[in-house]
$ cat final.cif   # mmCIF, C-alpha atoms
data_work
#
loop_
_atom_site.label_atom_id
_atom_site.label_comp_id
_atom_site.auth_asym_id
_atom_site.auth_seq_id
_atom_site.Cartn_x
_atom_site.Cartn_y
_atom_site.Cartn_z
CA MET D 1 -69.19 94.25 -17.91
CA SER D 2 -72.38 93.04 -16.25
CA GLN D 3 -71.96 90.56 -13.42
CA ALA D 4 -74.54 88.35 -15.16
CA GLU D 5 -73.18 88.65 -18.71
CA LEU D 6 -71.91 85.05 -18.68
CA SER D 7 -74.21 83.73 -15.95
CA GLY D 8 -74.97 80.04 -16.38
CA GLN D 9 -72.02 79.50 -18.70
CA VAL D 10 -68.98 77.30 -18.02
CA ALA D 11 -65.48 78.25 -19.15
CA LEU D 12 -62.24 76.29 -19.02
CA VAL D 13 -58.88 78.04 -19.22
CA THR D 14 -55.79 75.91 -19.82
CA GLY D 15 -52.67 77.19 -18.09
CA GLY D 16 -55.18 78.99 -15.90
CA ALA D 17 -52.93 79.60 -12.91
CA GLY D 18 -50.26 81.61 -14.79
CA GLY D 19 -50.23 85.40 -15.04
CA ILE D 20 -52.31 85.74 -18.21
CA GLY D 21 -54.40 82.69 -17.43
CA ALA D 22 -55.27 83.91 -13.95
CA ALA D 23 -56.38 87.30 -15.34
CA ILE D 24 -58.61 85.52 -17.87
CA CYS D 25 -60.11 83.34 -15.13
CA GLN D 26 -60.76 86.43 -13.00
CA ALA D 27 -62.46 88.24 -15.87
CA LEU D 28 -64.68 85.32 -16.86
CA ALA D 29 -65.68 84.65 -13.26
CA GLY D 30 -66.36 88.35 -12.74
CA ALA D 31 -68.79 88.22 -15.67
CA GLY D 32 -70.68 85.36 -14.05
CA ALA D 33 -69.17 82.23 -15.60
CA ALA D 34 -68.29 79.12 -13.63
CA VAL D 35 -64.56 78.73 -14.34
CA VAL D 36 -62.55 75.53 -14.54
CA VAL D 37 -58.91 76.44 -13.91
CA GLY D 38 -56.90 74.05 -16.05
CA PHE D 39 -53.44 73.16 -14.79
CA SER D 40 -50.58 70.91 -15.78
CA GLY D 41 -47.99 71.20 -13.01
CA ASN D 42 -48.89 73.67 -10.27
CA GLU D 43 -52.03 72.20 -8.75
CA ALA D 44 -51.73 74.17 -5.50
CA ARG D 45 -51.65 77.49 -7.36
CA ALA D 46 -54.63 76.48 -9.50
CA GLN D 47 -56.64 75.35 -6.47
CA ALA D 48 -55.90 78.61 -4.64
CA LEU D 49 -56.99 80.64 -7.66
CA ALA D 50 -60.24 78.67 -8.03
CA ARG D 51 -61.07 79.32 -4.38
CA ALA D 52 -60.35 83.05 -4.74
CA LEU D 53 -62.43 83.70 -7.86
CA PRO D 54 -65.60 85.74 -7.46
CA GLY D 55 -68.89 83.89 -7.70
CA GLU D 56 -69.49 80.17 -7.36
CA GLY D 57 -68.93 76.90 -9.15
CA HIS D 58 -65.20 77.23 -9.80
CA ARG D 59 -62.66 74.43 -9.53
CA ALA D 60 -59.23 73.35 -10.69
CA LEU D 61 -58.79 70.45 -13.11
CA LEU D 62 -55.80 68.63 -14.57
CA THR D 63 -55.60 69.49 -18.29
CA ARG D 64 -52.17 68.44 -19.52
CA VAL D 65 -52.53 69.63 -23.09
CA ASP D 66 -49.83 67.37 -24.52
CA ASP D 67 -51.61 64.25 -23.21
CA SER D 68 -54.82 63.45 -25.06
CA THR D 69 -55.77 60.76 -22.55
CA THR D 70 -55.72 63.36 -19.76
CA LEU D 71 -57.76 65.74 -21.91
CA SER D 72 -60.39 63.08 -22.61
CA ALA D 73 -60.67 62.47 -18.87
CA ALA D 74 -60.98 66.22 -18.26
CA ALA D 75 -63.77 66.53 -20.83
CA GLU D 76 -65.59 63.61 -19.23
CA SER D 77 -65.19 65.25 -15.81
CA VAL D 78 -66.64 68.55 -17.02
CA GLY D 79 -69.52 66.76 -18.71
CA LYS D 80 -70.39 64.93 -15.51
CA THR D 81 -69.73 67.73 -13.01
CA GLU D 82 -70.67 70.96 -14.79
CA GLY D 83 -72.91 69.33 -17.38
CA ARG D 84 -71.92 71.76 -20.11
CA MET D 85 -69.06 73.78 -21.62
CA ASP D 86 -69.47 77.12 -23.35
CA ILE D 87 -65.99 78.67 -23.55
CA LEU D 88 -62.58 77.06 -23.99
CA VAL D 89 -59.51 79.28 -23.70
CA ASN D 90 -56.38 77.59 -25.05
CA ASN D 91 -53.92 79.61 -23.01
CA ALA D 92 -51.33 76.97 -22.06
CA GLY D 93 -48.03 77.48 -23.84
CA LEU D 94 -44.31 77.64 -23.33
CA THR D 95 -41.10 78.96 -24.80
CA THR D 96 -37.46 79.60 -24.00
CA PRO D 97 -35.23 82.48 -25.11
CA VAL D 98 -32.87 81.52 -27.95
CA PRO D 99 -31.41 84.18 -30.29
CA HIS D 100 -32.77 83.65 -33.79
CA GLU D 101 -29.31 83.51 -35.31
CA ASP D 102 -28.25 80.74 -32.89
CA LEU D 103 -29.45 77.82 -34.98
CA GLU D 104 -27.59 75.26 -32.88
CA GLY D 105 -29.01 76.71 -29.67
CA LEU D 106 -32.57 75.83 -30.68
CA THR D 107 -32.40 72.09 -30.14
CA ASP D 108 -34.64 69.46 -31.68
CA GLU D 109 -35.99 68.76 -28.21
CA TRP D 110 -37.06 72.38 -27.68
CA ILE D 111 -38.59 72.61 -31.16
CA ASP D 112 -40.63 69.45 -30.56
CA THR D 113 -41.71 70.57 -27.08
CA ILE D 114 -42.81 74.04 -28.21
CA LEU D 115 -44.81 72.71 -31.16
CA ARG D 116 -46.26 69.86 -29.11
CA VAL D 117 -47.60 72.17 -26.40
CA ASN D 118 -48.38 75.37 -28.32
CA VAL D 119 -49.89 73.85 -31.46
CA ARG D 120 -50.81 70.22 -30.94
CA GLY D 121 -51.95 70.99 -27.40
CA ALA D 122 -54.43 73.64 -28.52
CA PHE D 123 -55.78 71.34 -31.23
CA ALA D 124 -56.04 68.35 -28.89
CA CYS D 125 -57.84 70.41 -26.27
CA THR D 126 -60.30 71.73 -28.85
CA ARG D 127 -60.87 68.21 -30.14
CA ALA D 128 -61.52 66.86 -26.64
CA PHE D 129 -64.03 69.55 -25.68
CA ALA D 130 -65.68 70.06 -29.09
CA PRO D 131 -68.69 67.81 -28.33
CA LEU D 132 -69.51 69.79 -25.17
CA LEU D 133 -68.94 73.12 -26.93
CA ARG D 134 -71.16 72.10 -29.82
CA ALA D 135 -73.89 70.93 -27.45
CA SER D 136 -73.95 74.33 -25.75
CA GLY D 137 -75.38 75.81 -28.95
CA ASN D 138 -73.03 78.78 -28.79
CA GLY D 139 -69.56 77.36 -28.19
CA LEU D 140 -66.44 79.51 -28.28
CA VAL D 141 -62.76 78.61 -28.53
CA VAL D 142 -60.24 81.37 -27.86
CA ASN D 143 -56.61 80.64 -28.72
CA ILE D 144 -54.04 82.83 -26.96
CA SER D 145 -51.55 83.53 -29.71
CA SER D 146 -48.82 86.18 -30.06
CA VAL D 147 -47.78 89.01 -32.34
CA ALA D 148 -44.68 86.85 -32.91
CA GLY D 149 -46.76 84.72 -35.24
CA ARG D 150 -47.15 87.74 -37.53
CA THR D 151 -43.82 89.51 -37.15
CA GLY D 152 -41.47 86.52 -36.86
CA ALA D 153 -39.77 88.31 -33.95
CA GLY D 154 -40.04 86.59 -30.59
CA SER D 155 -38.31 84.46 -27.98
CA ASN D 156 -37.11 81.95 -30.58
CA VAL D 157 -37.81 80.81 -34.13
CA ALA D 158 -39.90 77.80 -33.11
CA TYR D 159 -42.08 79.94 -30.83
CA CYS D 160 -42.82 82.34 -33.68
CA ALA D 161 -43.64 79.40 -35.95
CA SER D 162 -45.91 77.88 -33.30
CA LYS D 163 -47.97 81.05 -32.98
CA ALA D 164 -48.25 81.44 -36.76
CA ALA D 165 -49.48 77.85 -36.86
CA LEU D 166 -51.96 78.59 -34.07
CA ASP D 167 -53.40 81.52 -36.03
CA SER D 168 -53.67 79.36 -39.14
CA MET D 169 -55.42 76.69 -37.10
CA THR D 170 -57.84 79.33 -35.82
CA ARG D 171 -58.84 80.09 -39.41
CA SER D 172 -59.15 76.41 -40.32
CA LEU D 173 -61.20 75.51 -37.26
CA GLY D 174 -63.30 78.65 -37.56
CA ARG D 175 -64.49 77.28 -40.88
CA ALA D 176 -64.62 73.61 -39.86
CA LEU D 177 -66.54 74.07 -36.60
CA ALA D 178 -69.05 76.69 -37.76
CA PRO D 179 -71.80 77.44 -37.07
CA GLY D 180 -71.95 75.75 -33.68
CA ILE D 181 -68.53 76.79 -32.41
CA ARG D 182 -66.75 80.08 -33.02
CA VAL D 183 -62.93 80.12 -32.97
CA LEU D 184 -60.83 83.26 -32.42
CA SER D 185 -57.19 84.09 -31.73
CA ILE D 186 -56.17 86.80 -29.28
CA SER D 187 -52.70 88.00 -30.27
CA PRO D 188 -50.81 90.01 -27.62
CA GLY D 189 -47.41 91.55 -27.83
CA TRP D 190 -45.24 91.49 -24.72
CA VAL D 191 -47.38 91.05 -21.61
CA ASP D 192 -46.39 91.83 -18.03
CA GLY D 193 -46.95 88.22 -16.95
CA ASP D 194 -44.85 85.38 -15.58
CA TYR D 195 -42.49 85.17 -18.58
CA ALA D 196 -41.82 88.90 -18.88
CA GLN D 197 -41.19 89.18 -15.16
CA ARG D 198 -38.32 86.71 -15.48
CA MET D 199 -36.64 88.86 -18.14
CA PRO D 200 -34.07 91.63 -17.43
CA PRO D 201 -35.81 94.97 -16.79
CA GLU D 202 -33.75 96.63 -19.52
CA LEU D 203 -35.13 94.16 -22.09
CA ILE D 204 -38.71 94.95 -21.08
CA ALA D 205 -37.96 98.68 -21.25
CA GLU D 206 -36.59 98.20 -24.76
CA GLN D 207 -39.72 96.31 -25.83
CA ALA D 208 -41.93 99.04 -24.40
CA ALA D 209 -39.95 101.71 -26.23
CA ARG D 210 -40.39 99.82 -29.52
CA THR D 211 -44.18 99.65 -29.07
CA PRO D 212 -46.11 102.64 -30.48
CA LEU D 213 -48.29 102.88 -27.34
CA GLY D 214 -45.14 103.11 -25.23
CA ARG D 215 -45.58 100.16 -22.88
CA ILE D 216 -46.22 96.42 -22.77
CA ALA D 217 -49.67 94.98 -22.11
CA GLN D 218 -51.12 94.09 -18.74
CA PRO D 219 -52.62 90.58 -18.35
CA GLN D 220 -56.02 92.16 -17.72
CA GLU D 221 -55.96 93.69 -21.21
CA VAL D 222 -55.63 90.24 -22.74
CA ALA D 223 -58.46 89.08 -20.47
CA HIS D 224 -60.64 91.97 -21.66
CA ALA D 225 -60.14 90.81 -25.25
CA VAL D 226 -61.26 87.30 -24.28
CA LEU D 227 -64.37 88.80 -22.67
CA ALA D 228 -65.05 90.81 -25.80
CA ALA D 229 -64.81 87.66 -27.90
CA ALA D 230 -67.34 85.97 -25.63
CA THR D 231 -69.83 88.80 -25.23
CA LEU D 232 -69.45 91.41 -27.96
CA LEU D 233 -67.83 89.92 -31.06
CA THR D 234 -70.61 87.41 -31.55
CA PHE D 235 -70.48 87.51 -35.37
CA SER D 236 -66.72 86.95 -35.57
CA THR D 237 -64.94 83.66 -36.17
CA GLY D 238 -61.70 82.46 -37.72
CA CYS D 239 -59.91 85.76 -37.13
CA VAL D 240 -56.98 87.14 -35.14
CA ILE D 241 -57.57 89.99 -32.70
CA PRO D 242 -54.42 92.01 -31.88
CA VAL D 243 -53.67 93.25 -28.36
CA ASP D 244 -50.18 94.44 -29.18
CA GLY D 245 -50.05 98.23 -28.75
CA GLY D 246 -49.37 98.60 -32.47
CA ARG D 247 -46.12 96.67 -32.36
CA PRO D 248 -46.25 95.50 -36.02
CA LEU D 249 -46.27 99.17 -37.08
CA THR D 250 -42.62 99.63 -36.09
#

$ encode --input "final.cif" --output "structure tokens"
Amino acid sequence: MSQAELSGQVALVTGGAGGIGAAICQALAGAGAAVVVGFSGNEARAQALARALPGEGHRALLTRVDDSTTLSAAAESVGKTEGRMDILVNNAGLTTPVPHEDLEGLTDEWIDTILRVNVRGAFACTRAFAPLLRASGNGLVVNISSVAGRTGAGSNVAYCASKAALDSMTRSLGRALAPGIRVLSISPGWVDGDYAQRMPPELIAEQAARTPLGRIAQPQEVAHAVLAAATLLTFSTGCVIPVDGGRPLT
């Protein structure tokens, strides 16, 4: 990837300080973009990442995706400070492990929280930044989804539903926002990020064994797919790009 491939462009990554988010920020900055590291809770980690990114023009910014007032303020800040927005990566998301057969274990509170952050949050963020993305003349929204949205197998039932909804929203917005803004989903399987690293090693080994390519993904591989969406897949919109090692084949 050329250092200047995204030169002059501005990208914002929600949940930017997490494992996958940080890899995406690194990749976009390495390609020349000025990166806004969106954070919700861990400001210190986001600030440290912004300072460490290659190139110039990076900063951290509060982007609490379940608070539309905060998102409106963030969009206003980017408009005033950076003056443009070219790429939005809706990476912020959450889940909790609950066996699918444990219907009582998946509480109303967790269902509402997962859908609020993973689905409504991505929509609200897109809505807030759409005017800037449209004004760029070549706006791009990348939603970080999951193979769970296709297979129905994941950390819990609500999480799977949230990612299926995110993919459906990608298709709807790909149509609604064309031609000025392209919208894509990147759909990983298990990724060796913050969530996976909290899981028992034997569970990760089992997931790797059930993946045709024999391992789980690295965060950088998800980041490479985001870069491809921004620089190579320029005639693609409203579609889901798998980064899952062939997991649905099993």

$ residues_around --input "final.cif" --residues "D:Arg51" --least-positions-apart "4" --cutoff "12 Å" --atoms "all atoms listed in the file" --output "list in words"
Ala17, Cys25, Gln26, Ala29, Ala34, Val35, Val36, Val37, Ala44, Arg45, Ala46, Gln47, Gly55, Glu56, Gly57, His58, Arg59 and Ala60 of chain D

$ axis_aligned_box --input "final.cif" --around "stretch 126-132 of chain D" --padding-each-side "4 Å" --output "lines of an AutoDock Vina configuration file"
center_x = -64.9
center_y = 69.3
center_z = -27.7
size_x = 17.2
size_y = 12.9
size_z = 13.0

$ resolve_selection --input "final.cif" --expression "the PyMOL selection byres ((chain D and resi 137) around 12)" --output "list of chain:residue names"
D:Gln9, D:Arg84, D:Met85, D:Asp86, D:Ile87, D:Ala130, D:Pro131, D:Leu132, D:Leu133, D:Arg134, D:Ala135, D:Ser136, D:Asn138, D:Gly139, D:Leu140, D:Leu177, D:Ala178, D:Pro179, D:Gly180, D:Ile181, D:Arg182

$ atom_distance --input "final.cif" --atom1 "atom CA of D:Asp167" --atom2 "atom CA of D:Ile24"
19.3 Å

$ atom_distance --input "final.cif" --atom1 "atom CA of D:Tyr159" --atom2 "atom CA of D:Arg247"
17.3 Å

$ residues_near_point --input "final.cif" --point "(-52.3, 93.3, -15.8)" --cutoff "9 Å" --atoms "all atoms listed in the file" --output "list in words"
Gly19, Ile20, Ala23, Val191, Asp192, Gly193, Ala217, Gln218, Pro219, Gln220, Glu221, Val222 and Ala223 of chain D

$ residues_around --input "final.cif" --residues "D:Met169" --least-positions-apart "2" --cutoff "10 Å" --atoms "all atoms listed in the file" --output "PyMOL selection string"
chain D and resi 119+122-123+143+163-167+171-175+183-185+238

$ write_last_selection --input "final.cif" --atoms "C-alpha atoms" --output "PDB file, in the frame of the given file"
ATOM      1  CA  VAL D 119     -49.890  73.850 -31.460  1.00  0.00           C
ATOM      2  CA  ALA D 122     -54.430  73.640 -28.520  1.00  0.00           C
ATOM      3  CA  PHE D 123     -55.780  71.340 -31.230  1.00  0.00           C
ATOM      4  CA  ASN D 143     -56.610  80.640 -28.720  1.00  0.00           C
ATOM      5  CA  LYS D 163     -47.970  81.050 -32.980  1.00  0.00           C
ATOM      6  CA  ALA D 164     -48.250  81.440 -36.760  1.00  0.00           C
ATOM      7  CA  ALA D 165     -49.480  77.850 -36.860  1.00  0.00           C
ATOM      8  CA  LEU D 166     -51.960  78.590 -34.070  1.00  0.00           C
ATOM      9  CA  ASP D 167     -53.400  81.520 -36.030  1.00  0.00           C
ATOM     10  CA  ARG D 171     -58.840  80.090 -39.410  1.00  0.00           C
ATOM     11  CA  SER D 172     -59.150  76.410 -40.320  1.00  0.00           C
ATOM     12  CA  LEU D 173     -61.200  75.510 -37.260  1.00  0.00           C
ATOM     13  CA  GLY D 174     -63.300  78.650 -37.560  1.00  0.00           C
ATOM     14  CA  ARG D 175     -64.490  77.280 -40.880  1.00  0.00           C
ATOM     15  CA  VAL D 183     -62.930  80.120 -32.970  1.00  0.00           C
ATOM     16  CA  LEU D 184     -60.830  83.260 -32.420  1.00  0.00           C
ATOM     17  CA  SER D 185     -57.190  84.090 -31.730  1.00  0.00           C
ATOM     18  CA  GLY D 238     -61.700  82.460 -37.720  1.00  0.00           C
TER      19      GLY D 238
END

$ closest_residue --input "final.cif" --among "D:Gly18, D:Gly245, D:Pro99, D:Pro54" --to "D:Gly41" --atoms "all atoms listed in the file"
D:Gly18

$ closest_residue --input "final.cif" --among "D:Gly246, D:Asp194, D:Thr70, D:Ala225" --to "D:Thr211" --atoms "only C-alpha atoms"
D:Gly246

$ atom_distance --input "final.cif" --atom1 "atom CA of D:Arg198" --atom2 "atom CA of D:Gly21"
16.7 Å

$ resolve_selection --input "final.cif" --expression "the PyMOL selection byres ((chain D and resi 186-188) around 6)" --output "PyMOL selection string"
chain D and resi 144-147+185+189+240-244

$ resolve_selection --input "final.cif" --expression "the PyMOL selection byres ((chain D and resi 65) around 9)" --output "list of chain:residue names"
D:Thr14, D:Ser40, D:Thr63, D:Arg64, D:Asp66, D:Asp67, D:Ser68, D:Thr70, D:Leu71, D:Ala92, D:Arg116, D:Val117, D:Asn118, D:Arg120, D:Gly121, D:Ala122, D:Phe123, D:Ala124, D:Cys125

$ closest_residue --input "final.cif" --among "D:Val89, D:Ala22, D:Ala148, D:Leu103" --to "D:Ala50" --atoms "all atoms listed in the file"
D:Ala22
